[in-house]
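Shown next: final19.cif, given as mmCIF, C-alpha atoms.
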```cif
data_entry
loop_
_atom_site.label_atom_id
_atom_site.label_comp_id
_atom_site.auth_asym_id
_atom_site.auth_seq_id
_atom_site.Cartn_x
_atom_site.Cartn_y
_atom_site.Cartn_z
CA MET A 1 0.00 0.00 0.00
CA LYS A 2 1.16 3.52 -0.71
CA ASN A 3 -0.28 5.06 2.46
CA SER A 4 -0.96 3.86 6.00
CA ILE A 5 -4.49 3.84 7.42
CA SER A 6 -5.01 6.00 10.47
CA ALA A 7 -7.70 5.08 13.01
CA LEU A 8 -8.43 8.77 13.59
CA GLN A 9 -8.78 9.47 9.88
CA THR A 10 -11.06 6.46 9.47
CA VAL A 11 -13.37 7.77 12.19
CA ARG A 12 -13.32 11.26 10.69
CA THR A 13 -14.20 9.80 7.30
CA PHE A 14 -17.05 7.79 8.82
CA ILE A 15 -18.49 10.89 10.51
CA LYS A 16 -18.19 12.84 7.25
CA VAL A 17 -19.66 10.32 4.79
CA GLY A 18 -22.15 8.70 7.16
CA THR A 19 -22.04 5.02 6.17
CA CYS A 20 -19.69 2.15 6.97
CA SER A 21 -19.61 0.95 3.35
CA GLU A 22 -18.44 4.26 1.93
CA THR A 23 -15.99 4.72 4.80
CA LEU A 24 -14.11 1.48 4.09
CA CYS A 25 -14.09 1.98 0.33
CA ASN A 26 -12.89 5.56 0.84
CA VAL A 27 -10.02 4.90 3.26
CA LEU A 28 -8.78 1.81 1.40
CA ASP A 29 -8.82 3.57 -1.97
CA ARG A 30 -6.70 6.33 -0.46
CA ALA A 31 -4.36 3.82 1.15
CA PHE A 32 -3.84 2.33 -2.31
CA GLY A 33 -3.29 5.84 -3.69
CA GLN A 34 -6.32 6.07 -6.00
CA PRO A 35 -9.44 7.86 -4.69
CA LEU A 36 -12.69 7.08 -6.52
CA PRO A 37 -15.25 9.49 -5.00
CA LEU A 38 -18.26 8.57 -7.16
CA GLU A 39 -17.68 4.84 -6.85
CA GLU A 40 -17.22 5.17 -3.09
CA HIS A 41 -20.38 7.20 -2.60
CA ALA A 42 -22.39 4.71 -4.67
CA THR A 43 -21.75 2.09 -1.97
CA THR A 44 -24.17 3.95 0.36
CA PRO A 45 -27.14 1.51 -0.01
CA LEU A 46 -24.90 -1.45 0.89
CA ALA A 47 -24.61 -0.21 4.49
CA GLY A 48 -26.56 -2.06 7.15
CA GLY A 49 -26.21 -5.32 5.24
CA ILE A 50 -27.93 -3.94 2.10
CA MET A 51 -30.26 -1.11 3.08
CA GLN A 52 -30.56 -2.28 6.69
CA ASN A 53 -31.50 -5.85 5.77
CA GLY A 54 -28.87 -7.06 8.24
CA TYR A 55 -26.69 -9.21 5.98
CA GLN A 56 -22.94 -8.71 5.47
CA CYS A 57 -21.71 -5.55 7.19
CA GLY A 58 -21.29 -2.65 4.78
CA MET A 59 -17.62 -2.45 5.75
CA ILE A 60 -17.03 -5.76 3.96
CA TRP A 61 -18.87 -4.60 0.81
CA GLY A 62 -16.81 -1.39 0.77
CA ALA A 63 -13.54 -3.24 1.38
CA ALA A 64 -14.29 -5.76 -1.39
CA LEU A 65 -14.98 -3.01 -3.93
CA ALA A 66 -11.76 -1.21 -3.00
CA ALA A 67 -9.88 -4.50 -3.33
CA GLY A 68 -11.34 -4.94 -6.82
CA ALA A 69 -10.20 -1.48 -7.82
CA GLN A 70 -6.65 -2.29 -6.73
CA ALA A 71 -6.79 -5.67 -8.50
CA TYR A 72 -7.65 -3.83 -11.72
CA ARG A 73 -4.70 -1.44 -11.30
CA LEU A 74 -2.31 -4.32 -10.76
CA TYR A 75 -3.65 -6.86 -13.27
CA ASP A 76 -5.85 -4.94 -15.72
CA ALA A 77 -9.10 -6.59 -16.85
CA GLY A 78 -9.72 -10.30 -17.21
CA ALA A 79 -9.78 -13.57 -15.30
CA GLN A 80 -6.56 -12.96 -13.35
CA ALA A 81 -7.80 -9.64 -11.96
CA GLU A 82 -11.27 -11.02 -11.20
CA SER A 83 -9.82 -14.07 -9.44
CA ARG A 84 -7.56 -11.85 -7.34
CA ALA A 85 -10.51 -9.61 -6.51
CA ILE A 86 -12.51 -12.62 -5.27
CA LEU A 87 -9.62 -13.91 -3.15
CA ALA A 88 -9.01 -10.45 -1.71
CA ALA A 89 -12.73 -10.06 -0.89
CA GLN A 90 -12.65 -13.49 0.74
CA LYS A 91 -9.76 -12.37 2.92
CA ALA A 92 -11.57 -9.12 3.77
CA ALA A 93 -14.59 -11.12 4.96
CA GLU A 94 -12.41 -13.55 6.92
CA THR A 95 -10.59 -10.65 8.57
CA PHE A 96 -13.88 -9.07 9.63
CA ARG A 97 -15.09 -12.37 11.05
CA GLY A 98 -11.81 -12.75 12.92
CA CYS A 99 -12.32 -9.35 14.51
CA TYR A 100 -16.02 -9.62 15.34
CA HIS A 101 -16.93 -13.36 15.13
CA THR A 102 -19.57 -12.73 12.46
CA ILE A 103 -19.90 -10.97 9.13
CA ASP A 104 -23.56 -9.96 9.43
CA CYS A 105 -24.71 -6.52 10.52
CA TYR A 106 -27.72 -7.89 12.44
CA ASP A 107 -25.54 -10.12 14.62
CA ILE A 108 -23.66 -7.02 15.75
CA THR A 109 -26.41 -4.41 16.00
CA HIS A 110 -29.60 -6.52 16.38
CA ILE A 111 -31.10 -3.94 14.03
CA ASN A 112 -32.65 -4.52 10.62
CA ASN A 113 -35.31 -2.93 8.43
CA SER A 114 -38.08 -4.46 10.54
CA SER A 115 -36.84 -2.69 13.68
CA THR A 116 -38.88 0.25 14.94
CA ILE A 117 -37.58 3.80 14.71
CA ASN A 118 -37.45 3.92 18.50
CA ARG A 119 -35.31 0.75 18.57
CA MET A 120 -32.91 2.21 16.02
CA LEU A 121 -32.63 5.53 17.87
CA THR A 122 -32.08 3.72 21.13
CA TYR A 123 -29.26 1.60 19.68
CA PHE A 124 -27.41 4.27 17.72
CA PHE A 125 -27.77 7.17 20.13
CA LEU A 126 -28.65 6.00 23.64
CA GLN A 127 -26.64 2.76 23.59
CA GLY A 128 -23.66 4.19 21.70
CA GLY A 129 -24.14 2.11 18.57
CA ALA A 130 -22.75 4.81 16.28
CA ILE A 131 -19.56 5.06 18.37
CA LYS A 132 -19.28 1.27 18.35
CA CYS A 133 -19.42 1.26 14.53
CA TYR A 134 -16.79 4.04 14.35
CA CYS A 135 -14.47 2.00 16.58
CA MET A 136 -15.07 -1.16 14.56
CA ALA A 137 -14.16 0.63 11.33
CA ALA A 138 -11.04 2.11 12.89
CA LYS A 139 -9.88 -1.36 13.94
CA TYR A 140 -10.92 -3.19 10.79
CA ALA A 141 -9.72 -0.82 8.06
CA PRO A 142 -5.93 -1.22 8.57
CA GLN A 143 -6.22 -4.98 9.01
CA ALA A 144 -8.35 -5.33 5.88
CA GLY A 145 -5.97 -3.15 3.90
CA GLU A 146 -2.97 -5.22 4.95
CA GLN A 147 -4.62 -8.55 4.15
CA ILE A 148 -5.98 -7.35 0.80
CA ASN A 149 -2.52 -6.09 -0.16
CA ILE A 150 -0.96 -9.47 0.68
CA VAL A 151 -3.46 -11.39 -1.45
CA LEU A 152 -3.09 -9.02 -4.41
CA THR A 153 0.72 -9.10 -4.43
CA ASP A 154 1.48 -12.63 -3.24
CA GLY A 155 3.02 -14.52 -6.17
CA ASP A 156 1.27 -16.12 -9.14
CA ILE A 157 -2.11 -17.80 -9.09
CA GLN A 158 -3.75 -20.00 -11.69
CA ALA A 159 -6.94 -18.28 -12.75
CA PRO A 160 -9.77 -20.22 -14.41
CA ALA A 161 -11.04 -19.18 -17.80
CA ALA A 162 -13.62 -16.41 -17.77
CA PRO A 163 -16.35 -15.95 -16.69
CA VAL A 164 -15.04 -16.08 -13.14
CA SER A 165 -17.58 -14.06 -11.18
CA CYS A 166 -21.37 -13.78 -11.30
CA ALA A 167 -21.11 -10.13 -10.23
CA ALA A 168 -18.60 -9.41 -12.99
CA VAL A 169 -20.88 -11.09 -15.56
CA LEU A 170 -23.71 -8.84 -14.42
CA ALA A 171 -21.48 -5.76 -14.65
CA GLN A 172 -20.45 -6.64 -18.20
CA ARG A 173 -24.06 -7.14 -19.25
CA LEU A 174 -24.87 -3.70 -17.88
CA GLY A 175 -22.08 -2.16 -19.95
CA ALA A 176 -19.82 -1.39 -16.99
CA SER A 177 -16.25 -0.29 -17.62
CA PRO A 178 -13.40 -2.80 -17.15
CA LEU A 179 -12.54 -1.07 -13.85
CA HIS A 180 -16.08 -1.38 -12.52
CA THR A 181 -16.34 -4.97 -13.73
CA VAL A 182 -13.26 -6.00 -11.75
CA MET A 183 -14.40 -3.95 -8.75
CA ALA A 184 -17.67 -5.90 -8.74
CA ALA A 185 -15.97 -9.28 -9.23
CA GLY A 186 -15.07 -9.80 -5.58
CA LEU A 187 -18.73 -9.68 -4.55
CA ALA A 188 -19.22 -13.13 -6.14
CA GLY A 189 -20.63 -15.94 -4.06
CA GLY A 190 -21.96 -13.62 -1.40
CA ILE A 191 -18.71 -11.58 -1.18
CA GLY A 192 -15.59 -13.59 -1.76
CA LEU A 193 -17.50 -16.91 -1.84
CA CYS A 194 -18.56 -16.60 1.82
CA GLY A 195 -22.16 -17.54 0.97
CA GLY A 196 -23.88 -14.40 2.29
CA ALA A 197 -26.34 -12.07 0.59
CA CYS A 198 -26.09 -12.32 -3.21
CA GLY A 199 -23.08 -10.51 -4.66
CA ALA A 200 -24.77 -9.98 -8.02
CA LEU A 201 -27.59 -8.15 -6.25
CA GLY A 202 -25.06 -5.98 -4.43
CA ALA A 203 -23.29 -5.26 -7.70
CA ALA A 204 -26.54 -4.29 -9.40
CA ILE A 205 -27.44 -1.91 -6.57
CA TRP A 206 -23.95 -0.37 -6.55
CA LEU A 207 -23.76 0.04 -10.33
CA GLY A 208 -27.25 1.53 -10.41
CA GLU A 209 -26.39 4.14 -7.79
CA LEU A 210 -23.08 4.83 -9.55
CA GLN A 211 -24.90 5.54 -12.80
CA ASN A 212 -27.37 7.76 -10.94
CA SER A 213 -24.47 9.66 -9.41
CA GLN A 214 -22.83 10.11 -12.81
CA MET A 215 -26.13 11.49 -14.13
CA GLY A 216 -26.46 13.93 -11.23
CA VAL A 217 -29.17 11.95 -9.42
CA LYS A 218 -28.74 11.89 -5.64
CA VAL A 219 -27.46 8.64 -4.15
CA GLU A 220 -29.68 7.58 -1.26
CA TYR A 221 -29.27 5.02 1.52
CA LYS A 222 -32.73 3.59 0.86
CA SER A 223 -32.98 4.35 -2.82
CA ILE A 224 -36.44 3.59 -4.22
CA THR A 225 -34.96 2.01 -7.35
CA ALA A 226 -32.64 -0.15 -5.23
CA GLN A 227 -35.56 -1.31 -3.10
CA GLN A 228 -37.52 -2.20 -6.22
CA LEU A 229 -34.49 -4.07 -7.53
CA VAL A 230 -34.39 -6.09 -4.31
CA GLU A 231 -38.07 -7.00 -4.76
CA LYS A 232 -37.44 -8.17 -8.34
CA PHE A 233 -34.44 -10.15 -7.15
CA LEU A 234 -36.38 -11.87 -4.37
CA SER A 235 -39.14 -12.89 -6.76
CA SER A 236 -36.53 -14.69 -8.89
CA SER A 237 -34.55 -16.23 -6.02
CA GLY A 238 -37.36 -18.00 -4.19
CA TYR A 239 -37.37 -15.14 -1.68
CA GLU A 240 -33.89 -16.01 -0.49
CA PHE A 241 -31.17 -13.38 -0.05
CA GLU A 242 -28.15 -15.58 0.61
CA CYS A 243 -26.01 -17.16 -2.08
CA SER A 244 -25.55 -20.44 -0.20
CA LYS A 245 -29.32 -20.91 0.13
CA ILE A 246 -30.06 -19.89 -3.47
CA THR A 247 -27.42 -22.17 -4.99
CA GLY A 248 -27.62 -24.94 -2.39
CA GLN A 249 -23.88 -24.84 -1.87
CA LYS A 250 -20.95 -22.82 -0.61
CA PHE A 251 -18.18 -22.47 -3.18
CA ALA A 252 -14.82 -23.70 -1.93
CA THR A 253 -12.68 -22.13 -4.65
CA VAL A 254 -12.76 -19.59 -7.45
CA ASP A 255 -12.67 -22.52 -9.91
CA ASP A 256 -15.81 -23.99 -8.34
CA HIS A 257 -17.69 -20.74 -8.72
CA ALA A 258 -16.43 -20.22 -12.29
CA ALA A 259 -17.61 -23.71 -13.24
CA PHE A 260 -21.03 -23.00 -11.72
CA ILE A 261 -21.41 -19.81 -13.76
CA CYS A 262 -20.19 -21.51 -16.95
CA LYS A 263 -22.87 -24.20 -16.52
CA GLY A 264 -25.59 -21.54 -16.37
CA GLY A 265 -25.84 -21.22 -12.60
CA CYS A 266 -28.13 -18.39 -11.43
CA ALA A 267 -28.90 -17.53 -15.05
CA ASN A 268 -32.47 -16.51 -14.24
CA ILE A 269 -31.36 -14.20 -11.42
CA LEU A 270 -28.71 -12.57 -13.58
CA GLU A 271 -31.29 -12.06 -16.33
CA VAL A 272 -33.80 -10.45 -13.96
CA LEU A 273 -31.18 -8.16 -12.42
CA THR A 274 -29.86 -7.19 -15.84
CA SER A 275 -33.19 -6.46 -17.50
CA TYR A 276 -34.63 -4.54 -14.57
CA SER A 277 -31.43 -2.51 -14.07
CA GLN A 278 -31.36 -1.60 -17.76
CA GLN A 279 -34.99 -0.49 -17.66
CA VAL A 280 -34.44 1.62 -14.53
CA HIS A 281 -31.45 3.35 -16.12
CA VAL A 282 -33.44 4.14 -19.27
CA ASP A 283 -36.35 5.51 -17.22
CA THR A 284 -34.04 7.57 -15.02
CA GLY A 285 -32.25 9.00 -18.04
CA ASN A 286 -35.51 9.89 -19.73
CA GLU A 287 -36.84 11.51 -16.56
CA LYS A 288 -33.69 13.59 -16.11
CA GLN A 289 -33.76 14.63 -19.77
CA HIS A 290 -37.42 15.62 -19.43
CA ARG A 291 -36.66 17.74 -16.35
CA VAL A 292 -33.88 19.52 -18.22
#
```

File written out as structure tokens:
Amino acid sequence: MKNSISALQTVRTFIKVGTCSETLCNVLDRAFGQPLPLEEHATTPLAGGIMQNGYQCGMIWGAALAAGAQAYRLYDAGAQAESRAILAAQKAAETFRGCYHTIDCYDITHINNSSTINRMLTYFFLQGGAIKCYCMAAKYAPQAGEQINIVLTDGDIQAPAAPVSCAAVLAQRLGASPLHTVMAAGLAGGIGLCGGACGALGAAIWLGELQNSQMGVKVEYKSITAQQLVEKFLSSSGYEFECSKITGQKFATVDDHAAFICKGGCANILEVLTSYSQQVHVDTGNEKQHRV
């Protein structure tokens, strides 16, 4: 890494940007020497385990996307970069679990989108939940950065033939740039193959908010379009969020996941996410053009 990660700066960033997902993406990008403000801000809906659904902590989503950006800088586009991004995301998730014995937001906060406003206010303000999250980010960010750097620079790996990642396949179908495709790659298999909430769904939400940001549309924590995307996703996944439950397995290696995708795994989910995302982007563009 080009720069060290300061606990104080991490907390300051968290207070400034407001979400754990953007905080981790922000501080890791700067540690690697390449800020990506729009991409970082587009991670906002991933906080709270995807819009407060309680799945993987937003810090892990943000760290995985930053790892993908660095993988692209080191290896360009393609299977090698995507494989590295998945392995780095896997290490980011393992590091978080090692620190906090879980990867899910709900296990830490006991808050999700079914919690009452009073319960949320009590946790974050009266019980010091916000300070707890600041401290967690300050501890996790340098460890995640160190582990991601090791994975991305540690010798040669044998990458399978593309496609490697479900999230990268989705990004390509949505016309994402090579950088954004590799950034999304690590979300595969529920972030680095850990089996949590679907990485392709996370990628679709992130890419949608990134496009909105590029078009001058405000990125929101509980974006209406992102919530509608979640509903479409659930209708195609048997109302399951988690990769391991949707696929009936937990992928042991990058090769296993690549083989699953090559055999048409999750094809219907990828099709639903792609078609709905494309329609939303067209509608948003038309609406913005009409306003102008």

Listing only residues of stretch 137-242 of chain A within 8 Å of stretch 277-280 of chain A, what is the closest atom pair and its distance in Å (to one decimal) for each, using only C-alpha atoms, sorted by chain and residue number ascending, as JSON lines?
```
{"residue": "A:Leu174", "atom": "CA", "partner": "A:Gln278", "partner_atom": "CA", "distance": 6.8}
{"residue": "A:Ala204", "atom": "CA", "partner": "A:Ser277", "partner_atom": "CA", "distance": 7.0}
{"residue": "A:Gly208", "atom": "CA", "partner": "A:Ser277", "partner_atom": "CA", "distance": 6.9}
{"residue": "A:Thr225", "atom": "CA", "partner": "A:Val280", "partner_atom": "CA", "distance": 7.2}
{"residue": "A:Leu229", "atom": "CA", "partner": "A:Ser277", "partner_atom": "CA", "distance": 7.4}
```

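Using all atoms listed in the file for every distance, the candidate list A:Leu87, A:Val230, A:Ile111, A:Leu273 yields A:Leu273 as the residue closest to A:Ala171.
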
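Of the listed residues A:Lys16, A:Ala137, A:Ala203, A:Pro163, the one whose atoms come nearest to A:Gly264 is A:Pro163, with distances taken using only C-alpha atoms.
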
Query raised in the report: For the file shown, what are the residues hit by the PyMOL selection byres ((chain A and resi 31) around 12), laid out as number ranges by chain?
Result: A: 1-6, 9-10, 24-30, 32-36, 63, 66-67, 69-70, 141-146, 148-149

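Here atom CA of A:Gly196 and atom CA of A:Leu210 stand 22.6 Å from one another.
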
Query raised in the report: Given the file above and the PyMOL selection byres ((chain A and resi 89) around 12), which residues are selected, and can you give them as a PyMOL selection string?
Result: chain A and resi 59-71+82-88+90-96+144-145+147-152+182-194+199+254

Query raised in the report: Got a sec to resolve the PyMOL selection byres ((chain A and resi 41-50) around 9) on this structure and send the residues as an MDAnalysis selection string?
Result: chainID A and resid 17:23 25:26 36:40 51:59 61:62 65 104:106 111:113 197 202 205:213 219:223 226

What are the centre and edge lengths in Å, to one decimal, of the axis-aligned box around all listed atoms of stretch 14-31 of chain A with 5 Å added on each side, as JSON?
```
{"center_x": -13.3, "center_y": 6.9, "center_z": 4.3, "size_x": 27.8, "size_y": 21.9, "size_z": 22.5}
```
